$ cat target_3.tsv   # TSV, C-alpha atoms
chain	number	residue	atom	x	y	z
A	1390	GLY	CA	-19.58	-9.21	4.43
A	1391	ALA	CA	-16.87	-11.70	3.60
A	1392	VAL	CA	-13.30	-10.89	4.52
A	1393	VAL	CA	-10.21	-11.15	2.39
A	1394	SER	CA	-6.94	-10.81	4.23
A	1395	GLN	CA	-3.91	-9.66	2.29
A	1396	HIS	CA	-0.42	-9.29	3.66
A	1397	PRO	CA	1.98	-7.78	3.94
A	1398	SER	CA	0.45	-4.31	3.71
A	1399	TRP	CA	3.73	-2.88	2.55
A	1400	VAL	CA	7.14	-4.20	1.76
A	1401	ILE	CA	10.46	-2.66	0.85
A	1402	CYS	CA	13.01	-4.89	-0.81
A	1403	LYS	CA	16.28	-4.72	-2.64
A	1404	SER	CA	16.43	-5.09	-6.38
A	1405	GLY	CA	16.87	-8.73	-7.39
A	1406	THR	CA	15.07	-10.24	-4.44
A	1407	SER	CA	11.72	-12.02	-4.54
A	1408	VAL	CA	8.63	-10.95	-2.64
A	1409	LYS	CA	5.62	-13.08	-1.78
A	1410	ILE	CA	2.19	-11.59	-1.18
A	1411	GLU	CA	-0.57	-13.68	0.37
A	1412	CYS	CA	-4.30	-13.38	-0.13
A	1413	ARG	CA	-6.64	-15.36	2.10
A	1414	SER	CA	-10.41	-15.64	2.15
A	1415	LEU	CA	-11.18	-15.90	5.84
A	1416	ASP	CA	-14.78	-17.05	5.97
A	1417	PHE	CA	-15.64	-18.35	2.53
A	1418	GLN	CA	-14.27	-20.55	-0.21
A	1419	ALA	CA	-12.86	-18.66	-3.15
A	1420	THR	CA	-12.65	-20.71	-6.28
A	1421	THR	CA	-11.39	-17.69	-8.18
A	1422	MET	CA	-9.02	-14.98	-7.06
A	1423	PHE	CA	-7.84	-12.02	-9.06
A	1424	TRP	CA	-4.60	-10.08	-8.80
A	1425	TYR	CA	-4.49	-6.39	-9.72
A	1426	ARG	CA	-1.76	-3.80	-9.89
A	1427	GLN	CA	-2.24	-0.08	-9.60
A	1428	PHE	CA	0.34	2.54	-10.50
A	1429	PRO	CA	-0.12	6.08	-9.17
A	1430	LYS	CA	-3.02	7.93	-10.78
A	1431	GLN	CA	-3.88	4.90	-12.88
A	1432	SER	CA	-6.64	2.34	-12.66
A	1433	LEU	CA	-6.58	-1.10	-11.10
A	1434	MET	CA	-5.15	-3.28	-13.83
A	1435	LEU	CA	-5.95	-6.97	-13.82
A	1436	MET	CA	-2.77	-9.01	-13.90
A	1437	ALA	CA	-4.07	-12.55	-13.66
A	1438	THR	CA	-6.94	-14.77	-12.69
A	1439	SER	CA	-6.16	-17.53	-10.27
A	1440	ASN	CA	-8.29	-20.67	-10.11
A	1441	GLU	CA	-7.92	-23.19	-7.32
A	1442	GLY	CA	-6.03	-26.25	-8.43
A	1443	SER	CA	-5.14	-25.01	-11.88
A	1444	LYS	CA	-2.72	-22.67	-13.58
A	1445	ALA	CA	-3.37	-18.97	-13.45
A	1446	THR	CA	-4.53	-17.10	-16.52
A	1447	TYR	CA	-2.38	-14.05	-17.17
A	1448	GLU	CA	-3.44	-10.89	-18.94
A	1449	GLN	CA	-1.62	-9.78	-22.04
A	1450	GLY	CA	1.69	-8.17	-21.24
A	1451	VAL	CA	2.05	-9.73	-17.80
A	1452	GLU	CA	5.07	-11.99	-17.48
A	1453	LYS	CA	4.01	-15.26	-15.90
A	1454	ASP	CA	7.58	-16.19	-15.03
A	1455	LYS	CA	8.03	-12.94	-13.17
A	1456	PHE	CA	4.72	-12.90	-11.35
A	1457	LEU	CA	4.21	-16.39	-10.02
A	1458	ILE	CA	0.72	-17.16	-8.82
A	1459	ASN	CA	-0.22	-20.17	-6.77
A	1460	HIS	CA	-3.77	-20.97	-5.71
A	1461	ALA	CA	-3.15	-24.07	-3.69
A	1462	SER	CA	-6.36	-24.11	-1.71
A	1463	LEU	CA	-9.84	-22.65	-1.72
A	1464	THR	CA	-8.77	-20.01	0.76
A	1465	LEU	CA	-5.26	-19.02	-0.26
A	1466	SER	CA	-3.62	-17.52	-3.31
A	1467	THR	CA	-0.10	-16.15	-3.42
A	1468	LEU	CA	1.65	-13.78	-5.80
A	1469	THR	CA	5.43	-13.92	-5.89
A	1470	VAL	CA	7.27	-11.11	-7.61
A	1471	THR	CA	10.52	-12.76	-8.65
A	1472	SER	CA	13.76	-10.84	-9.07
A	1473	ALA	CA	12.00	-7.59	-8.33
A	1474	HIS	CA	13.19	-4.38	-9.93
A	1475	PRO	CA	12.32	-0.74	-9.24
A	1476	GLU	CA	9.80	-0.72	-12.09
A	1477	ASP	CA	7.84	-3.41	-10.22
A	1478	SER	CA	7.17	-0.92	-7.43
A	1479	SER	CA	3.41	-0.63	-7.33
A	1480	PHE	CA	0.28	-1.26	-5.32
A	1481	TYR	CA	-0.85	-4.89	-5.62
A	1482	ILE	CA	-4.32	-5.95	-4.57
A	1483	CYS	CA	-6.16	-9.23	-4.65
A	1484	SER	CA	-9.83	-10.03	-4.81
A	1485	ALA	CA	-11.76	-13.22	-4.29
A	1486	ARG	CA	-15.03	-14.41	-5.67
A	1487	ILE	CA	-17.38	-16.66	-3.78
A	1488	ARG	CA	-18.14	-19.83	-5.67
A	1489	GLY	CA	-20.95	-19.31	-8.18
A	1490	GLN	CA	-21.52	-15.66	-7.44
A	1491	GLY	CA	-21.34	-12.69	-9.76
A	1492	ASP	CA	-19.26	-9.59	-9.47
A	1493	GLU	CA	-21.18	-8.20	-6.52
A	1494	LYS	CA	-19.62	-10.98	-4.53
A	1495	LEU	CA	-16.10	-9.88	-5.32
A	1496	PHE	CA	-14.26	-9.10	-2.11
A	1497	PHE	CA	-10.98	-7.25	-2.04
A	1498	GLY	CA	-7.95	-7.42	0.16
A	1499	SER	CA	-6.50	-4.20	1.55
A	1500	GLY	CA	-3.57	-4.23	-0.85
A	1501	THR	CA	0.21	-4.37	-0.67
A	1502	GLN	CA	2.46	-1.43	-1.45
A	1503	LEU	CA	5.70	-2.77	-2.89
A	1504	SER	CA	8.76	-0.56	-3.09
A	1505	VAL	CA	11.84	-1.97	-4.77
A	1506	LEU	CA	15.06	-0.11	-4.10
B	846	ASP	CA	-5.86	2.06	-23.90
B	847	GLN	CA	-8.11	3.15	-21.04
B	848	GLN	CA	-11.45	1.50	-21.66
B	849	VAL	CA	-13.06	2.89	-18.53
B	850	LYS	CA	-12.40	6.52	-17.70
B	851	GLN	CA	-13.11	8.64	-14.70
B	852	ASN	CA	-12.01	12.07	-15.78
B	853	SER	CA	-12.45	13.78	-12.45
B	854	PRO	CA	-9.74	12.72	-10.03
B	855	SER	CA	-11.47	14.48	-7.17
B	856	LEU	CA	-14.76	16.04	-6.15
B	857	SER	CA	-15.71	18.16	-3.14
B	858	VAL	CA	-19.33	18.47	-2.03
B	859	GLN	CA	-21.11	20.01	0.93
B	860	GLU	CA	-22.90	17.70	3.34
B	861	GLY	CA	-26.54	17.28	2.37
B	862	ARG	CA	-25.97	18.15	-1.27
B	863	ILE	CA	-25.87	15.79	-4.20
B	864	SER	CA	-22.63	14.14	-5.30
B	865	ILE	CA	-22.38	13.15	-8.95
B	866	LEU	CA	-19.53	10.93	-10.03
B	867	ASN	CA	-19.05	10.29	-13.71
B	868	CYS	CA	-17.63	7.43	-15.72
B	869	ASP	CA	-17.17	6.95	-19.46
B	870	TYR	CA	-16.35	3.79	-21.35
B	871	THR	CA	-15.25	3.02	-24.86
B	872	ASN	CA	-16.01	-0.68	-25.31
B	873	SER	CA	-19.54	-1.16	-26.62
B	874	MET	CA	-19.37	-4.83	-25.55
B	875	PHE	CA	-19.52	-3.86	-21.88
B	876	ASP	CA	-22.92	-4.79	-20.55
B	877	TYR	CA	-22.53	-4.70	-16.80
B	878	PHE	CA	-21.27	-1.85	-14.69
B	879	LEU	CA	-20.39	-1.56	-11.06
B	880	TRP	CA	-19.32	1.07	-8.57
B	881	TYR	CA	-16.91	0.28	-5.77
B	882	LYS	CA	-16.03	2.44	-2.80
B	883	LYS	CA	-12.61	2.44	-1.19
B	884	TYR	CA	-11.51	3.87	2.13
B	885	PRO	CA	-7.81	4.41	2.87
B	886	ALA	CA	-5.93	1.25	3.84
B	887	GLU	CA	-8.91	-0.90	2.90
B	888	GLY	CA	-9.86	-2.82	-0.21
B	889	PRO	CA	-12.69	-1.65	-2.49
B	890	THR	CA	-16.19	-2.71	-1.48
B	891	PHE	CA	-19.11	-3.18	-3.81
B	892	LEU	CA	-21.63	-0.35	-3.82
B	893	ILE	CA	-24.13	-0.67	-6.65
B	894	SER	CA	-24.38	-2.13	-10.14
B	895	ILE	CA	-26.42	-1.84	-13.30
B	896	SER	CA	-26.85	-4.02	-16.34
B	897	SER	CA	-27.14	-2.68	-19.85
B	898	ILE	CA	-30.82	-3.59	-20.05
B	899	LYS	CA	-31.57	-0.85	-17.55
B	900	ASP	CA	-30.90	2.85	-17.48
B	901	LYS	CA	-31.30	3.39	-13.77
B	902	ASN	CA	-30.78	1.48	-10.57
B	903	GLU	CA	-31.46	2.87	-7.14
B	904	ASP	CA	-30.41	1.69	-3.71
B	905	GLY	CA	-31.17	4.04	-0.87
B	906	ARG	CA	-29.14	7.22	-1.27
B	907	PHE	CA	-27.25	5.78	-4.24
B	908	THR	CA	-28.52	5.82	-7.81
B	909	VAL	CA	-26.62	4.78	-10.90
B	910	PHE	CA	-27.66	6.05	-14.32
B	911	LEU	CA	-26.58	4.48	-17.57
B	912	ASN	CA	-26.64	6.20	-20.95
B	913	LYS	CA	-25.64	3.53	-23.44
B	914	SER	CA	-25.70	5.77	-26.49
B	915	ALA	CA	-23.23	8.12	-24.82
B	916	LYS	CA	-21.30	5.26	-23.18
B	917	HIS	CA	-21.62	7.11	-19.93
B	918	LEU	CA	-22.70	6.25	-16.45
B	919	SER	CA	-22.97	8.27	-13.31
B	920	LEU	CA	-23.36	7.65	-9.62
B	921	HIS	CA	-25.58	10.02	-7.67
B	922	ILE	CA	-25.38	10.19	-3.90
B	923	VAL	CA	-28.07	12.22	-2.22
B	924	PRO	CA	-27.93	13.48	0.40
B	925	SER	CA	-24.16	13.28	0.71
B	926	GLN	CA	-22.74	12.51	4.13
B	927	PRO	CA	-19.20	12.95	5.50
B	928	GLY	CA	-18.92	9.16	5.77
B	929	ASP	CA	-19.26	8.97	2.00
B	930	SER	CA	-15.81	10.51	1.66
B	931	ALA	CA	-13.78	7.86	-0.15
B	932	VAL	CA	-12.40	6.91	-3.55
B	933	TYR	CA	-15.06	5.65	-5.92
B	934	PHE	CA	-14.15	3.27	-8.73
B	935	CYS	CA	-16.26	2.60	-11.75
B	936	ALA	CA	-15.87	-0.87	-13.27
B	937	ALA	CA	-17.25	-2.67	-16.32
B	938	SER	CA	-17.46	-6.19	-17.64
B	939	ASP	CA	-18.73	-7.81	-20.80
B	940	GLY	CA	-20.67	-10.77	-19.54
B	941	LEU	CA	-23.44	-9.57	-17.21
B	942	GLY	CA	-21.03	-9.95	-14.34
B	943	GLY	CA	-20.84	-13.69	-14.67
B	944	ALA	CA	-18.47	-15.72	-12.59
B	945	THR	CA	-15.79	-15.89	-15.25
B	946	ASN	CA	-15.85	-12.31	-16.44
B	947	LYS	CA	-13.13	-9.90	-15.49
B	948	LEU	CA	-13.66	-6.31	-14.47
B	949	ILE	CA	-12.05	-3.29	-16.07
B	950	PHE	CA	-11.64	-0.44	-13.60
B	951	GLY	CA	-11.48	3.29	-13.96
B	952	THR	CA	-8.85	5.38	-12.19
B	953	GLY	CA	-11.12	6.42	-9.38
B	954	THR	CA	-12.56	9.69	-8.09
B	955	LEU	CA	-11.79	10.94	-4.61
B	956	LEU	CA	-14.98	12.31	-3.07
B	957	ALA	CA	-14.69	14.65	-0.12
B	958	VAL	CA	-17.92	15.56	1.63
B	959	GLN	CA	-17.49	18.69	3.73
B	960	PRO	CA	-19.48	18.95	6.97

$ encode --input "target_3.tsv" --output "structure tokens"
Amino acid sequence: GAVVSQHPSWVICKSGTSVKIECRSLDFQATTMFWYRQFPKQSLMLMATSNEGSKATYEQGVEKDKFLINHASLTLSTLTVTSAHPEDSSFYICSARIRGQGDEKLFFGSGTQLSVL
Amino acid sequence: DQQVKQNSPSLSVQEGRISILNCDYTNSMFDYFLWYKKYPAEGPTFLISISSIKDKNEDGRFTVFLNKSAKHLSLHIVPSQPGDSAVYFCAASDGLGGATNKLIFGTGTLLAVQP
């Protein structure tokens, strides 16, 4: 199946710094990418939908100025957690959808564990 | 408000037996349901899906049952194999899984198949 590469796999940072997470579709074009966050013992929560060449659509309660999403090409979307704080510590995971396909064709990255000290 | 619930955080089954993973939902607008499987350090991968016009979908050892009146679906794996040990996520959407519809995930159930 298609491959989505996400890195870094884990990152530890100091409070107040910014962290960038990359999500790449390696062998297909992804017109839409999704960013999720998962807290321990909770479900994957959709944060935002990223469309190539346009602004991301954020879910209710997600601060767009804090979680900057850029989908500059058909193979790359980035999530930047700006001025990270301990409460932002979570597991972040991206997924990418092949152009024109339904949810079966949703491919996930391996996730990024963010720990903010 | 948890719209998709997987009330069993874990399940242990003997190899060769049936594994039954359950999922409940609250939003009656959901019309498309999916199961994803996740191994450690990997992203979830699609397993099987079902639309609301059906009550059963089968793919090899995996069968998904949908009970719309009870807002309940289940994933049956038979026979279970040690390689099935993983976290299973139930997910739902409200647009027949169309390209613009987002998925709502459950919290996952960790299945352990004992040899």

$ closest_residue --input "target_3.tsv" --among "A:Leu1495, A:Ser1484, A:Ser1432, A:Ile1458" --to "Val932 in chain B" --atoms "all atoms listed in the file"
A:Ser1432

$ closest_residue --input "target_3.tsv" --among "A:Ser1478, A:Thr1446, A:Gln1427, A:Ser1472" --to "Thr952 in chain B" --atoms "all atoms listed in the file"
A:Gln1427

$ residues_around --input "target_3.tsv" --residues "range 871-882 of chain B" --least-positions-apart "6" --cutoff "9 Å" --atoms "all atoms listed in the file" --output "number ranges by chain"
A: 1492-1493; B: 847-850, 888-898, 909, 911, 913, 916, 918, 920, 929, 931-942, 948

$ closest_residue --input "target_3.tsv" --among "B:Glu887, B:Lys947, B:Phe910, B:Pro960" --to "chain A" --atoms "only C-alpha atoms"
B:Glu887

$ residues_around --input "target_3.tsv" --residues "Cys1402 in chain A" --least-positions-apart "6" --cutoff "7 Å" --atoms "only C-alpha atoms" --output "list in words"
Ser1504, Val1505 and Leu1506 of chain A

$ closest_residue --input "target_3.tsv" --among "B:Val923, B:Phe950, B:Cys868, B:Leu956" --to "chain A" --atoms "all atoms listed in the file"
B:Phe950

$ residues_around --input "target_3.tsv" --residues "Ser1414 in chain A" --least-positions-apart "4" --cutoff "10 Å" --atoms "all atoms listed in the file" --output "VMD selection string"
chain A and resid 1391 to 1395 1418 to 1419 1422 1463 to 1466 1484 to 1487 1496 to 1498

$ decode --input "target_3.tsv" --residues "range 1464-1490 of chain A" --atoms "C-alpha atoms" --output "PDB file, in the first residue's frame"
ATOM      1  CA  THR A1464       3.300  15.325  -1.040  1.00  0.00           C
ATOM      2  CA  LEU A1465       4.070  17.392   2.044  1.00  0.00           C
ATOM      3  CA  SER A1466       2.111  18.843   4.922  1.00  0.00           C
ATOM      4  CA  THR A1467       3.641  20.268   8.074  1.00  0.00           C
ATOM      5  CA  LEU A1468       2.228  20.937  11.517  1.00  0.00           C
ATOM      6  CA  THR A1469       4.046  23.481  13.658  1.00  0.00           C
ATOM      7  CA  VAL A1470       3.203  23.644  17.328  1.00  0.00           C
ATOM      8  CA  THR A1471       4.096  27.206  18.228  1.00  0.00           C
ATOM      9  CA  SER A1472       5.160  28.250  21.711  1.00  0.00           C
ATOM     10  CA  ALA A1473       4.593  24.749  22.992  1.00  0.00           C
ATOM     11  CA  HIS A1474       3.485  24.197  26.564  1.00  0.00           C
ATOM     12  CA  PRO A1475       3.287  21.035  28.678  1.00  0.00           C
ATOM     13  CA  GLU A1476      -0.428  20.679  27.931  1.00  0.00           C
ATOM     14  CA  ASP A1477       0.472  20.295  24.244  1.00  0.00           C
ATOM     15  CA  SER A1478       2.294  17.065  25.066  1.00  0.00           C
ATOM     16  CA  SER A1479       0.480  14.442  23.061  1.00  0.00           C
ATOM     17  CA  PHE A1480       0.708  11.956  20.226  1.00  0.00           C
ATOM     18  CA  TYR A1481       0.246  13.657  16.851  1.00  0.00           C
ATOM     19  CA  ILE A1482      -0.473  11.648  13.734  1.00  0.00           C
ATOM     20  CA  CYS A1483      -1.131  12.586  10.146  1.00  0.00           C
ATOM     21  CA  SER A1484      -3.019  10.816   7.421  1.00  0.00           C
ATOM     22  CA  ALA A1485      -3.216  11.367   3.704  1.00  0.00           C
ATOM     23  CA  ARG A1486      -5.917  10.641   1.208  1.00  0.00           C
ATOM     24  CA  ILE A1487      -5.239   9.722  -2.376  1.00  0.00           C
ATOM     25  CA  ARG A1488      -6.928  12.076  -4.791  1.00  0.00           C
ATOM     26  CA  GLY A1489     -10.546  11.067  -5.406  1.00  0.00           C
ATOM     27  CA  GLN A1490     -10.552   8.072  -3.115  1.00  0.00           C
TER      28      GLN A1490
END
